[in-house]
>>> print(open('coords_20.pdb').read())   # PDB, C-alpha atoms and all ligand atoms
ATOM      1  CA  MET A   1     203.094 -27.801  41.410
ATOM      2  CA  LYS A   2     203.292 -27.048  37.708
ATOM      3  CA  ARG A   3     200.823 -29.822  37.045
ATOM      4  CA  LEU A   4     198.308 -28.431  39.541
ATOM      5  CA  LEU A   5     198.570 -24.996  37.948
ATOM      6  CA  ALA A   6     197.966 -26.500  34.525
ATOM      7  CA  LEU A   7     194.911 -28.306  35.873
ATOM      8  CA  ILE A   8     193.427 -25.098  37.322
ATOM      9  CA  ILE A   9     194.043 -23.218  34.081
ATOM     10  CA  CYS A  10     192.434 -26.078  32.218
ATOM     11  CA  ILE A  11     189.305 -26.042  34.436
ATOM     12  CA  LEU A  12     189.026 -22.254  34.145
ATOM     13  CA  ALA A  13     189.264 -22.531  30.371
ATOM     14  CA  ILE A  14     186.520 -25.142  30.260
ATOM     15  CA  LEU A  15     184.284 -23.027  32.519
ATOM     16  CA  THR A  16     184.826 -19.955  30.353
ATOM     17  CA  LEU A  17     184.137 -21.861  27.162
ATOM     18  CA  SER A  18     180.987 -23.418  28.564
ATOM     19  CA  GLY A  19     179.626 -19.952  29.185
ATOM     20  CA  CYS A  20     179.550 -19.846  32.955
ATOM     21  CA  GLY A  21     180.904 -16.325  32.803
ATOM     22  CA  GLY A  22     177.690 -14.943  31.330
ATOM     23  CA  GLU A  23     178.813 -15.022  27.701
ATOM     24  CA  LYS A  24     175.340 -16.057  26.605
ATOM     25  CA  MET A  25     174.613 -12.944  24.593
ATOM     26  CA  ALA A  26     177.742 -13.486  22.526
ATOM     27  CA  ASP A  27     176.681 -17.106  21.965
ATOM     28  CA  ASP A  28     173.498 -16.529  20.039
ATOM     29  CA  GLY A  29     173.383 -12.740  19.793
ATOM     30  CA  LYS A  30     169.812 -12.784  21.043
ATOM     31  CA  ILE A  31     168.357 -10.659  23.807
ATOM     32  CA  SER A  32     166.060 -12.889  25.758
ATOM     33  CA  ILE A  33     163.337 -11.417  27.932
ATOM     34  CA  VAL A  34     161.155 -13.467  30.248
ATOM     35  CA  ALA A  35     157.897 -11.821  31.346
ATOM     36  CA  THR A  36     155.629 -13.458  33.895
ATOM     37  CA  ALA A  37     152.227 -12.268  32.650
ATOM     38  CA  PHE A  38     150.514 -10.251  29.936
ATOM     39  CA  PRO A  39     151.232  -6.637  30.987
ATOM     40  CA  HIS A  40     154.906  -7.487  31.496
ATOM     41  CA  TYR A  41     154.990  -9.114  28.073
ATOM     42  CA  ASP A  42     153.177  -6.293  26.305
ATOM     43  CA  PHE A  43     155.318  -3.508  27.800
ATOM     44  CA  ALA A  44     158.507  -5.335  26.750
ATOM     45  CA  ARG A  45     157.008  -5.832  23.280
ATOM     46  CA  GLN A  46     156.278  -2.091  22.924
ATOM     47  CA  ILE A  47     159.797  -1.068  23.922
ATOM     48  CA  THR A  48     161.528  -3.622  21.642
ATOM     49  CA  LYS A  49     159.374  -2.851  18.598
ATOM     50  CA  GLY A  50     161.403  -3.137  15.392
ATOM     51  CA  VAL A  51     164.539  -4.348  17.184
ATOM     52  CA  GLU A  52     165.759  -7.606  15.723
ATOM     53  CA  ASN A  53     166.985 -10.567  17.726
ATOM     54  CA  VAL A  54     164.763 -10.004  20.722
ATOM     55  CA  GLU A  55     162.857 -12.930  22.143
ATOM     56  CA  ILE A  56     160.091 -12.378  24.703
ATOM     57  CA  LYS A  57     158.671 -15.325  26.569
ATOM     58  CA  MET A  58     155.425 -14.965  28.522
ATOM     59  CA  LEU A  59     155.357 -17.571  31.295
ATOM     60  CA  ILE A  60     151.656 -17.616  32.126
ATOM     61  CA  SER A  61     149.810 -18.902  29.095
ATOM     62  CA  PRO A  62     146.883 -16.914  27.671
ATOM     63  CA  GLY A  63     143.531 -17.801  29.195
ATOM     64  CA  SER A  64     144.945 -19.439  32.317
ATOM     65  CA  GLU A  65     144.400 -18.350  35.906
ATOM     66  CA  VAL A  66     147.271 -16.059  36.863
ATOM     67  CA  HIS A  67     146.972 -16.182  40.605
ATOM     68  CA  SER A  68     147.576 -19.906  40.966
ATOM     69  CA  TYR A  69     150.494 -20.080  38.519
ATOM     70  CA  GLU A  70     153.582 -22.060  39.474
ATOM     71  CA  PRO A  71     156.680 -22.237  37.254
ATOM     72  CA  THR A  72     157.485 -25.468  35.380
ATOM     73  CA  PRO A  73     161.102 -26.759  35.141
ATOM     74  CA  SER A  74     161.360 -25.314  31.628
ATOM     75  CA  ASP A  75     160.095 -21.925  32.901
ATOM     76  CA  ILE A  76     162.804 -21.990  35.576
ATOM     77  CA  LEU A  77     165.411 -22.800  32.950
ATOM     78  CA  ALA A  78     164.198 -19.934  30.747
ATOM     79  CA  ILE A  79     164.401 -17.510  33.689
ATOM     80  CA  SER A  80     167.906 -18.641  34.649
ATOM     81  CA  GLU A  81     169.187 -18.062  31.112
ATOM     82  CA  CYS A  82     167.484 -14.765  30.273
ATOM     83  CA  ASP A  83     168.956 -11.266  29.980
ATOM     84  CA  LEU A  84     165.941  -9.488  31.440
ATOM     85  CA  PHE A  85     163.278 -10.837  33.793
ATOM     86  CA  ILE A  86     160.108  -8.811  34.377
ATOM     87  CA  TYR A  87     157.585  -9.654  37.094
ATOM     88  CA  THR A  88     155.060  -8.020  39.423
ATOM     89  CA  GLY A  89     156.583  -8.734  42.796
ATOM     90  CA  GLY A  90     153.263  -8.974  44.589
ATOM     91  CA  GLU A  91     151.631 -11.685  46.640
ATOM     92  CA  SER A  92     151.145 -13.990  43.634
ATOM     93  CA  ASP A  93     154.867 -13.840  42.826
ATOM     94  CA  THR A  94     156.332 -15.212  46.033
ATOM     95  CA  TRP A  95     157.953 -18.068  44.071
ATOM     96  CA  VAL A  96     160.235 -15.638  42.234
ATOM     97  CA  LYS A  97     162.727 -15.071  45.061
ATOM     98  CA  ASN A  98     163.795 -18.726  45.249
ATOM     99  CA  VAL A  99     164.004 -19.123  41.500
ATOM    100  CA  LEU A 100     166.212 -16.042  41.137
ATOM    101  CA  GLU A 101     168.454 -17.152  43.993
ATOM    102  CA  SER A 102     168.971 -20.595  42.546
ATOM    103  CA  ALA A 103     169.459 -19.246  39.012
ATOM    104  CA  GLY A 104     172.648 -17.492  40.143
ATOM    105  CA  ASN A 105     172.777 -15.482  36.919
ATOM    106  CA  GLU A 106     174.544 -12.293  37.932
ATOM    107  CA  ASP A 107     174.241 -10.706  34.508
ATOM    108  CA  MET A 108     170.478 -10.935  34.442
ATOM    109  CA  LYS A 109     168.594  -7.684  34.943
ATOM    110  CA  VAL A 110     165.438  -7.942  37.007
ATOM    111  CA  ILE A 111     162.478  -5.557  36.991
ATOM    112  CA  SER A 112     159.785  -5.730  39.654
ATOM    113  CA  PHE A 113     156.667  -3.583  39.156
ATOM    114  CA  MET A 114     156.098  -3.319  42.889
ATOM    115  CA  ASP A 115     159.626  -1.985  43.410
ATOM    116  CA  ILE A 116     158.970   0.731  40.842
ATOM    117  CA  CYS A 117     155.420   1.711  41.780
ATOM    118  CA  GLY A 118     155.593   1.318  45.521
ATOM    119  CA  GLY A 119     154.001  -1.653  47.190
ATOM    120  CA  GLU A 120     152.860  -0.179  50.470
ATOM    121  CA  LYS A 121     149.756  -1.669  51.961
ATOM    122  CA  HIS A 122     146.604   0.359  51.574
ATOM    123  CA  GLU A 123     144.426  -0.397  54.534
ATOM    124  CA  GLU A 124     141.862   2.361  54.184
ATOM    125  CA  ALA A 125     138.244   1.583  54.684
ATOM    126  CA  HIS A 126     136.482   2.132  51.390
ATOM    127  CA  GLU A 127     132.713   2.285  51.393
ATOM    128  CA  GLY A 128     132.691  -0.023  54.352
ATOM    129  CA  HIS A 129     135.100  -2.503  52.751
ATOM    130  CA  GLU A 130     138.495  -3.052  54.230
ATOM    131  CA  HIS A 131     140.827  -2.310  51.342
ATOM    132  CA  THR A 132     144.014  -4.324  51.258
ATOM    133  CA  TYR A 133     146.928  -3.658  48.944
ATOM    134  CA  ASP A 134     146.597  -4.163  45.188
ATOM    135  CA  GLU A 135     149.453  -5.554  43.108
ATOM    136  CA  HIS A 136     147.768  -4.614  39.797
ATOM    137  CA  VAL A 137     149.762  -1.402  39.595
ATOM    138  CA  TRP A 138     149.528  -1.265  35.781
ATOM    139  CA  THR A 139     145.819  -0.345  35.878
ATOM    140  CA  SER A 140     147.071   3.241  36.188
ATOM    141  CA  PRO A 141     148.703   4.438  32.920
ATOM    142  CA  LYS A 142     150.831   6.770  35.046
ATOM    143  CA  ASN A 143     152.436   3.748  36.706
ATOM    144  CA  VAL A 144     152.986   2.153  33.298
ATOM    145  CA  GLU A 145     155.006   5.198  32.293
ATOM    146  CA  LEU A 146     157.417   4.530  35.171
ATOM    147  CA  ILE A 147     157.552   0.830  34.319
ATOM    148  CA  VAL A 148     158.343   1.195  30.606
ATOM    149  CA  THR A 149     160.969   3.835  31.361
ATOM    150  CA  LYS A 150     162.706   1.280  33.558
ATOM    151  CA  ILE A 151     162.392  -1.425  30.882
ATOM    152  CA  ALA A 152     163.905   0.862  28.242
ATOM    153  CA  SER A 153     166.872   1.758  30.419
ATOM    154  CA  ALA A 154     167.523  -1.893  31.365
ATOM    155  CA  LEU A 155     167.440  -2.903  27.688
ATOM    156  CA  SER A 156     169.760  -0.049  26.717
ATOM    157  CA  GLU A 157     172.283  -1.361  29.229
ATOM    158  CA  ILE A 158     171.965  -4.952  28.051
ATOM    159  CA  ASP A 159     172.037  -4.072  24.363
ATOM    160  CA  LYS A 160     173.928  -0.807  23.896
ATOM    161  CA  ALA A 161     173.835  -1.188  20.122
ATOM    162  CA  HIS A 162     170.082  -0.550  20.045
ATOM    163  CA  GLU A 163     169.865   2.128  22.729
ATOM    164  CA  LYS A 164     168.486   4.631  20.214
ATOM    165  CA  GLU A 165     165.654   2.333  19.176
ATOM    166  CA  TYR A 166     164.667   1.574  22.776
ATOM    167  CA  ASN A 167     164.571   5.269  23.623
ATOM    168  CA  LYS A 168     162.573   6.119  20.547
ATOM    169  CA  ASN A 169     160.067   3.365  21.315
ATOM    170  CA  LEU A 170     159.811   4.651  24.871
ATOM    171  CA  LEU A 171     159.069   8.152  23.663
ATOM    172  CA  ASP A 172     156.506   6.909  21.131
ATOM    173  CA  TYR A 173     154.762   4.756  23.694
ATOM    174  CA  THR A 174     154.686   7.223  26.557
ATOM    175  CA  ARG A 175     154.339  10.669  25.024
ATOM    176  CA  LYS A 176     153.470  10.637  21.365
ATOM    177  CA  LEU A 177     151.059   7.760  21.187
ATOM    178  CA  GLN A 178     149.512   5.526  23.697
ATOM    179  CA  LEU A 179     149.993   6.275  27.377
ATOM    180  CA  ALA A 180     149.428  10.014  27.086
ATOM    181  CA  GLU A 181     146.227   9.388  25.134
ATOM    182  CA  LEU A 182     145.013   6.828  27.661
ATOM    183  CA  HIS A 183     145.680   9.231  30.513
ATOM    184  CA  GLN A 184     143.780  12.044  28.786
ATOM    185  CA  THR A 185     140.895   9.707  27.927
ATOM    186  CA  PHE A 186     140.463   8.577  31.529
ATOM    187  CA  LYS A 187     140.888  12.094  32.893
ATOM    188  CA  ARG A 188     138.180  13.433  30.599
ATOM    189  CA  ILE A 189     135.686  10.764  31.683
ATOM    190  CA  PHE A 190     135.914  11.776  35.315
ATOM    191  CA  GLU A 191     135.863  15.478  34.464
ATOM    192  CA  GLU A 192     132.884  15.288  32.128
ATOM    193  CA  CYS A 193     130.610  12.635  33.586
ATOM    194  CA  VAL A 194     127.962  13.396  36.182
ATOM    195  CA  ARG A 195     128.334  10.179  38.118
ATOM    196  CA  ASN A 196     131.513   9.263  39.929
ATOM    197  CA  GLU A 197     130.824   5.797  41.285
ATOM    198  CA  ILE A 198     130.706   2.337  39.694
ATOM    199  CA  VAL A 199     129.242  -0.938  40.950
ATOM    200  CA  VAL A 200     131.530  -3.945  40.494
ATOM    201  CA  ALA A 201     129.861  -7.304  41.138
ATOM    202  CA  ASP A 202     133.219  -9.050  41.199
ATOM    203  CA  ARG A 203     136.775  -8.784  42.467
ATOM    204  CA  PHE A 204     138.266  -5.288  42.335
ATOM    205  CA  PRO A 205     141.866  -5.217  41.031
ATOM    206  CA  PHE A 206     141.585  -1.540  40.052
ATOM    207  CA  TYR A 207     142.713   0.274  43.174
ATOM    208  CA  HIS A 208     145.432   2.126  41.224
ATOM    209  CA  LEU A 209     143.075   3.200  38.433
ATOM    210  CA  ALA A 210     140.524   4.501  40.945
ATOM    211  CA  GLU A 211     143.225   6.251  42.953
ATOM    212  CA  GLU A 212     144.747   7.959  39.902
ATOM    213  CA  TYR A 213     141.457   9.331  38.537
ATOM    214  CA  GLY A 214     139.579   9.702  41.780
ATOM    215  CA  PHE A 215     136.479   7.626  41.171
ATOM    216  CA  GLU A 216     134.443   5.734  43.737
ATOM    217  CA  TYR A 217     133.393   2.108  43.652
ATOM    218  CA  VAL A 218     131.473  -0.528  45.530
ATOM    219  CA  SER A 219     132.553  -4.097  44.872
ATOM    220  CA  ALA A 220     131.606  -7.639  45.829
ATOM    221  CA  TYR A 221     135.163  -8.393  46.942
ATOM    222  CA  SER A 222     137.720  -5.985  48.268
ATOM    223  CA  GLY A 223     140.835  -6.396  46.169
ATOM    224  CA  CYS A 224     141.646  -9.335  43.958
ATOM    225  CA  SER A 225     141.130 -12.230  46.309
ATOM    226  CA  SER A 226     138.728 -14.907  45.094
ATOM    227  CA  SER A 227     139.312 -17.316  47.943
ATOM    228  CA  THR A 228     135.876 -16.816  49.463
ATOM    229  CA  GLU A 229     132.432 -16.239  48.004
ATOM    230  CA  PRO A 230     130.965 -12.858  48.903
ATOM    231  CA  SER A 231     128.329 -13.088  51.602
ATOM    232  CA  ALA A 232     124.600 -12.986  50.797
ATOM    233  CA  GLN A 233     124.534  -9.695  52.648
ATOM    234  CA  VAL A 234     127.115  -8.107  50.337
ATOM    235  CA  ILE A 235     125.212  -9.300  47.263
ATOM    236  CA  SER A 236     121.906  -7.950  48.553
ATOM    237  CA  GLU A 237     123.528  -4.604  49.427
ATOM    238  CA  LEU A 238     124.770  -4.304  45.850
ATOM    239  CA  ALA A 239     121.365  -5.363  44.482
ATOM    240  CA  ASN A 240     119.595  -2.766  46.638
ATOM    241  CA  LYS A 241     121.961  -0.083  45.457
ATOM    242  CA  VAL A 242     121.302  -0.962  41.803
ATOM    243  CA  LYS A 243     117.533  -0.795  42.401
ATOM    244  CA  GLU A 244     117.392   2.295  44.606
ATOM    245  CA  GLU A 245     119.847   4.392  42.623
ATOM    246  CA  ASN A 246     118.624   3.124  39.277
ATOM    247  CA  VAL A 247     122.138   2.009  38.282
ATOM    248  CA  LYS A 248     122.199   1.126  34.573
ATOM    249  CA  TYR A 249     125.487  -0.717  34.341
ATOM    250  CA  VAL A 250     127.183  -3.218  36.642
ATOM    251  CA  PHE A 251     130.773  -4.340  36.059
ATOM    252  CA  THR A 252     132.499  -7.716  36.140
ATOM    253  CA  ILE A 253     136.161  -8.394  35.391
ATOM    254  CA  GLU A 254     137.534 -10.574  32.562
ATOM    255  CA  PHE A 255     136.839 -14.339  32.536
ATOM    256  CA  SER A 256     133.965 -13.853  34.986
ATOM    257  CA  ASN A 257     131.152 -16.400  35.129
ATOM    258  CA  GLN A 258     128.912 -13.386  35.937
ATOM    259  CA  LYS A 259     127.051 -15.325  38.629
ATOM    260  CA  ILE A 260     127.262 -12.552  41.216
ATOM    261  CA  ALA A 261     126.478  -9.859  38.637
ATOM    262  CA  ASN A 262     123.410 -11.749  37.458
ATOM    263  CA  SER A 263     122.004 -11.944  40.968
ATOM    264  CA  VAL A 264     122.828  -8.274  41.556
ATOM    265  CA  ILE A 265     120.920  -7.073  38.456
ATOM    266  CA  GLU A 266     118.030  -9.536  38.815
ATOM    267  CA  GLY A 267     114.665  -7.863  38.354
ATOM    268  CA  THR A 268     116.195  -4.642  36.963
ATOM    269  CA  ASP A 269     117.074  -3.382  33.460
ATOM    270  CA  ALA A 270     120.736  -3.014  34.378
ATOM    271  CA  GLU A 271     123.325  -4.441  31.966
ATOM    272  CA  ILE A 272     126.696  -6.060  32.616
ATOM    273  CA  LEU A 273     129.906  -4.451  31.317
ATOM    274  CA  THR A 274     133.506  -5.655  31.549
ATOM    275  CA  LEU A 275     136.330  -3.860  33.282
ATOM    276  CA  HIS A 276     139.479  -5.704  32.187
ATOM    277  CA  SER A 277     142.336  -5.943  34.693
ATOM    278  CA  CYS A 278     144.738  -6.831  31.805
ATOM    279  CA  HIS A 279     146.318  -9.432  34.079
ATOM    280  CA  ASN A 280     145.800 -12.079  31.410
ATOM    281  CA  VAL A 281     144.028 -12.255  28.055
ATOM    282  CA  SER A 282     142.173 -15.009  26.216
ATOM    283  CA  LYS A 283     144.021 -17.206  23.733
ATOM    284  CA  GLU A 284     142.073 -15.629  20.888
ATOM    285  CA  ASP A 285     142.863 -12.058  21.929
ATOM    286  CA  PHE A 286     146.513 -12.980  22.400
ATOM    287  CA  GLU A 287     146.763 -14.494  18.938
ATOM    288  CA  ASN A 288     145.121 -11.396  17.473
ATOM    289  CA  GLY A 289     147.855  -9.295  19.061
ATOM    290  CA  ILE A 290     145.696  -7.359  21.534
ATOM    291  CA  THR A 291     147.612  -4.842  23.670
ATOM    292  CA  TYR A 292     147.314  -3.201  27.083
ATOM    293  CA  TYR A 293     146.352  -0.012  25.261
ATOM    294  CA  ASP A 294     143.457  -1.759  23.423
ATOM    295  CA  LEU A 295     142.120  -3.248  26.659
ATOM    296  CA  MET A 296     142.365   0.018  28.552
ATOM    297  CA  MET A 297     140.611   1.909  25.748
ATOM    298  CA  GLN A 298     137.770  -0.629  26.013
ATOM    299  CA  ASN A 299     137.733  -0.023  29.765
ATOM    300  CA  ALA A 300     137.520   3.717  29.183
ATOM    301  CA  ALA A 301     134.606   3.291  26.755
ATOM    302  CA  ASN A 302     132.740   1.111  29.270
ATOM    303  CA  LEU A 303     133.426   3.487  32.151
ATOM    304  CA  ARG A 304     132.165   6.398  30.085
ATOM    305  CA  LYS A 305     128.984   4.426  29.354
ATOM    306  CA  ALA A 306     128.394   3.720  33.033
ATOM    307  CA  LEU A 307     129.221   7.206  34.291
ATOM    308  CA  CYS A 308     127.994   9.494  31.512
ATOM    309  CA  GLU A 309     124.913   7.817  30.045
TER
HETATM  310 ZN    ZN A 401     145.336 -10.301  39.360
END
>>> encode(input="coords_20.pdb", output="structure tokens")
Amino acid sequence: MKRLLALIICILAILTLSGCGGEKMADDGKISIVATAFPHYDFARQITKGVENVEIKMLISPGSEVHSYEPTPSDILAISECDLFIYTGGESDTWVKNVLESAGNEDMKVISFMDICGGEKHEEAHEGHEHTYDEHVWTSPKNVELIVTKIASALSEIDKAHEKEYNKNLLDYTRKLQLAELHQTFKRIFEECVRNEIVVADRFPFYHLAEEYGFEYVSAYSGCSSSTEPSAQVISELANKVKEENVKYVFTIEFSNQKIANSVIEGTDAEILTLHSCHNVSKEDFENGITYYDLMMQNAANLRKALCE
């Protein structure tokens, strides 16, 4: 009996020493954050600014196609060992549930954008298009405010010692500097410009932006799906609109081959502008440290061009 007890104590000791009890933070003192894509990465970066010993890993590499991403074994390992995991929780993230279940890391905090910003399906008809739900909730700066607040409070719980820094960063990012300015910039565009509708010859992952600021749009695809080519009829409808209404600017999203846009503006003087969904950025932009704020300010400048000029 005594021997059995000794054996159990021995096994428990080994388990504790090997870190199965979630002693990881004490091991290396680092706070490790795993973010699935660029917005998740950038928001974590803003809130941890100036805090030492924070490591943020972005799973989807810059320039790659986000919607077909699948985690590699080393990604799964990184997720299972992290302190904070941040993901969207939409249709392109269905792999997450299994990975989190098998990770079995009870100390890990998990933030899902869709849980924070509400993921109800929007099935309204919009300009004749059936509009399905849009997981790109961050295209509204108001949603980002909710998201970063959640990130700051999760980090304060994980790393009490730097609670002050996280809260200060949150305040800087939301009120003093970036999000408030973005919100005002977008609001002014739709208050000041004469036109209120844009033509997007591409996918449309901007439901939340349009909803927040109340602008109209016609797009080649409803939502973000790229599984099918738009019909010839849709393309000719957009082309007719550009001609008849003398539309000067037509939008595509990032990494577009602009094929649809080129046929839509054919025979007119219209120009192509980019509306960036921020879902991923090019390798070059990433290395230059581009942020969500930078991309959204570019979006605002392009929207102003299309609606005010
Ligand atoms: Zn997307």
>>> residues_around(input="coords_20.pdb", residues="Ser282 (chain A)", least_positions_apart="5", cutoff="10 Å", atoms="all atoms listed in the file", output="number ranges by chain")
A: 61-64, 254-255, 287-288, 290
>>> residues_near_ligand(input="coords_20.pdb", ligand="ligand ZN 401 (chain A)", cutoff="7 Å", atoms="all atoms listed in the file", output="list in words")
Val66, His67, His136, Pro205, Cys224 and His279 of chain A
>>> write_last_selection(input="coords_20.pdb", atoms="C-alpha atoms", output="compact mmCIF listing (two decimals), keeping the file's coordinate frame")
# COMPACT_ATOMS: atom_id res chain seq x y z
CA VAL A 66 147.27 -16.06 36.86
CA HIS A 67 146.97 -16.18 40.60
CA HIS A 136 147.77 -4.61 39.80
CA PRO A 205 141.87 -5.22 41.03
CA CYS A 224 141.65 -9.34 43.96
CA HIS A 279 146.32 -9.43 34.08
>>> atom_distance(input="coords_20.pdb", atom1="CA of Met58 (chain A)", atom2="CA of Phe38 (chain A)")
7.0 Å
>>> resolve_selection(input="coords_20.pdb", expression="the PyMOL selection byres (((chain A and resi 48) around 9) and not hetatm)", output="ChimeraX atom specification")
/A:43-47,49-52,54,152,155,165-166,169
>>> residues_around(input="coords_20.pdb", residues="Tyr173 (chain A)", least_positions_apart="2", cutoff="10 Å", atoms="all atoms listed in the file", output="VMD selection string")
chain A and resid 43 46 to 47 145 148 to 149 167 to 171 175 to 181 293
>>> atom_distance(input="coords_20.pdb", atom1="CA of Pro39 (chain A)", atom2="CA of Glu81 (chain A)")
21.3 Å
>>> closest_residue(input="coords_20.pdb", among="A:Val250, A:Ala232, A:Val194, A:Ile265", to="Leu307 (chain A)", atoms="all atoms listed in the file")
A:Val194
>>> resolve_selection(input="coords_20.pdb", expression="the PyMOL selection byres (((chain A and resi 100-114) around 8) and not hetatm)", output="compact mmCIF listing (two decimals) with C-alpha atoms, in the frame of the given file")
# COMPACT_ATOMS: atom_id res chain seq x y z
CA GLY A 22 177.69 -14.94 31.33
CA ILE A 76 162.80 -21.99 35.58
CA ILE A 79 164.40 -17.51 33.69
CA SER A 80 167.91 -18.64 34.65
CA GLU A 81 169.19 -18.06 31.11
CA CYS A 82 167.48 -14.76 30.27
CA ASP A 83 168.96 -11.27 29.98
CA LEU A 84 165.94 -9.49 31.44
CA PHE A 85 163.28 -10.84 33.79
CA ILE A 86 160.11 -8.81 34.38
CA TYR A 87 157.58 -9.65 37.09
CA THR A 88 155.06 -8.02 39.42
CA GLY A 89 156.58 -8.73 42.80
CA GLY A 90 153.26 -8.97 44.59
CA VAL A 96 160.24 -15.64 42.23
CA LYS A 97 162.73 -15.07 45.06
CA ASN A 98 163.79 -18.73 45.25
CA VAL A 99 164.00 -19.12 41.50
CA ASP A 115 159.63 -1.98 43.41
CA ILE A 116 158.97 0.73 40.84
CA CYS A 117 155.42 1.71 41.78
CA GLY A 118 155.59 1.32 45.52
CA GLY A 119 154.00 -1.65 47.19
CA GLU A 135 149.45 -5.55 43.11
CA VAL A 137 149.76 -1.40 39.60
CA ILE A 147 157.55 0.83 34.32
CA LYS A 150 162.71 1.28 33.56
CA ILE A 151 162.39 -1.42 30.88
CA ALA A 154 167.52 -1.89 31.36
>>> atom_distance(input="coords_20.pdb", atom1="CA of Tyr221 (chain A)", atom2="CA of Asp202 (chain A)")
6.1 Å
>>> residues_around(input="coords_20.pdb", residues="Glu266 (chain A)", least_positions_apart="2", cutoff="12 Å", atoms="only C-alpha atoms", output="list in words")
Ile235, Ser236, Leu238, Ala239, Asn240, Val242, Lys243, Val250, Gln258, Lys259, Ile260, Ala261, Asn262, Ser263, Val264, Thr268, Asp269, Ala270, Glu271 and Ile272 of chain A
>>> closest_residue(input="coords_20.pdb", among="A:Tyr217, A:His183, A:Thr228, A:Ile189", to="Met296 (chain A)", atoms="only C-alpha atoms")
A:His183
>>> resolve_selection(input="coords_20.pdb", expression="the PyMOL selection byres (((chain A and resi 299) around 12) and not hetatm)", output="ChimeraX atom specification")
/A:139-140,182,185-186,189,206,209,251-254,273-278,292-298,300-306
>>> decode(input="coords_20.pdb", residues="region 227-268 of chain A", atoms="C-alpha atoms", output="JSON list (two decimals), in the first residue's frame")
[["chain", "number", "residue", "atom", "x", "y", "z"],
["A", 227, "SER", "CA", -16.35, 29.93, -55.29],
["A", 228, "THR", "CA", -18.19, 30.91, -58.46],
["A", 229, "GLU", "CA", -17.53, 33.44, -61.19],
["A", 230, "PRO", "CA", -20.17, 36.17, -61.38],
["A", 231, "SER", "CA", -22.57, 35.67, -64.25],
["A", 232, "ALA", "CA", -22.25, 37.63, -67.51],
["A", 233, "GLN", "CA", -25.54, 39.25, -66.58],
["A", 234, "VAL", "CA", -24.17, 40.62, -63.30],
["A", 235, "ILE", "CA", -21.09, 42.00, -65.06],
["A", 236, "SER", "CA", -23.16, 43.69, -67.76],
["A", 237, "GLU", "CA", -25.50, 45.18, -65.13],
["A", 238, "LEU", "CA", -22.50, 46.72, -63.38],
["A", 239, "ALA", "CA", -21.07, 47.94, -66.71],
["A", 240, "ASN", "CA", -24.40, 49.55, -67.64],
["A", 241, "LYS", "CA", -24.58, 51.27, -64.30],
["A", 242, "VAL", "CA", -21.07, 52.70, -64.72],
["A", 243, "LYS", "CA", -21.98, 54.01, -68.19],
["A", 244, "GLU", "CA", -25.47, 55.33, -67.46],
["A", 245, "GLU", "CA", -24.65, 56.97, -64.14],
["A", 246, "ASN", "CA", -21.25, 58.17, -65.28],
["A", 247, "VAL", "CA", -19.53, 56.43, -62.34],
["A", 248, "LYS", "CA", -15.91, 57.59, -62.11],
["A", 249, "TYR", "CA", -14.48, 55.00, -59.77],
["A", 250, "VAL", "CA", -15.01, 51.25, -59.48],
["A", 251, "PHE", "CA", -13.63, 49.26, -56.54],
["A", 252, "THR", "CA", -11.81, 45.95, -56.25],
["A", 253, "ILE", "CA", -10.52, 44.36, -53.05],
["A", 254, "GLU", "CA", -6.86, 43.57, -52.23],
["A", 255, "PHE", "CA", -4.96, 40.96, -54.29],
["A", 256, "SER", "CA", -7.54, 41.23, -57.08],
["A", 257, "ASN", "CA", -6.58, 40.31, -60.63],
["A", 258, "GLN", "CA", -9.02, 43.11, -61.65],
["A", 259, "LYS", "CA", -10.47, 41.00, -64.46],
["A", 260, "ILE", "CA", -14.09, 41.74, -63.58],
["A", 261, "ALA", "CA", -13.34, 45.42, -62.92],
["A", 262, "ASN", "CA", -11.62, 45.77, -66.28],
["A", 263, "SER", "CA", -14.63, 44.41, -68.13],
["A", 264, "VAL", "CA", -16.96, 46.60, -66.06],
["A", 265, "ILE", "CA", -15.09, 49.84, -66.92],
["A", 266, "GLU", "CA", -14.37, 48.91, -70.55],
["A", 267, "GLY", "CA", -15.13, 51.75, -72.93],
["A", 268, "THR", "CA", -15.47, 54.33, -70.12]]
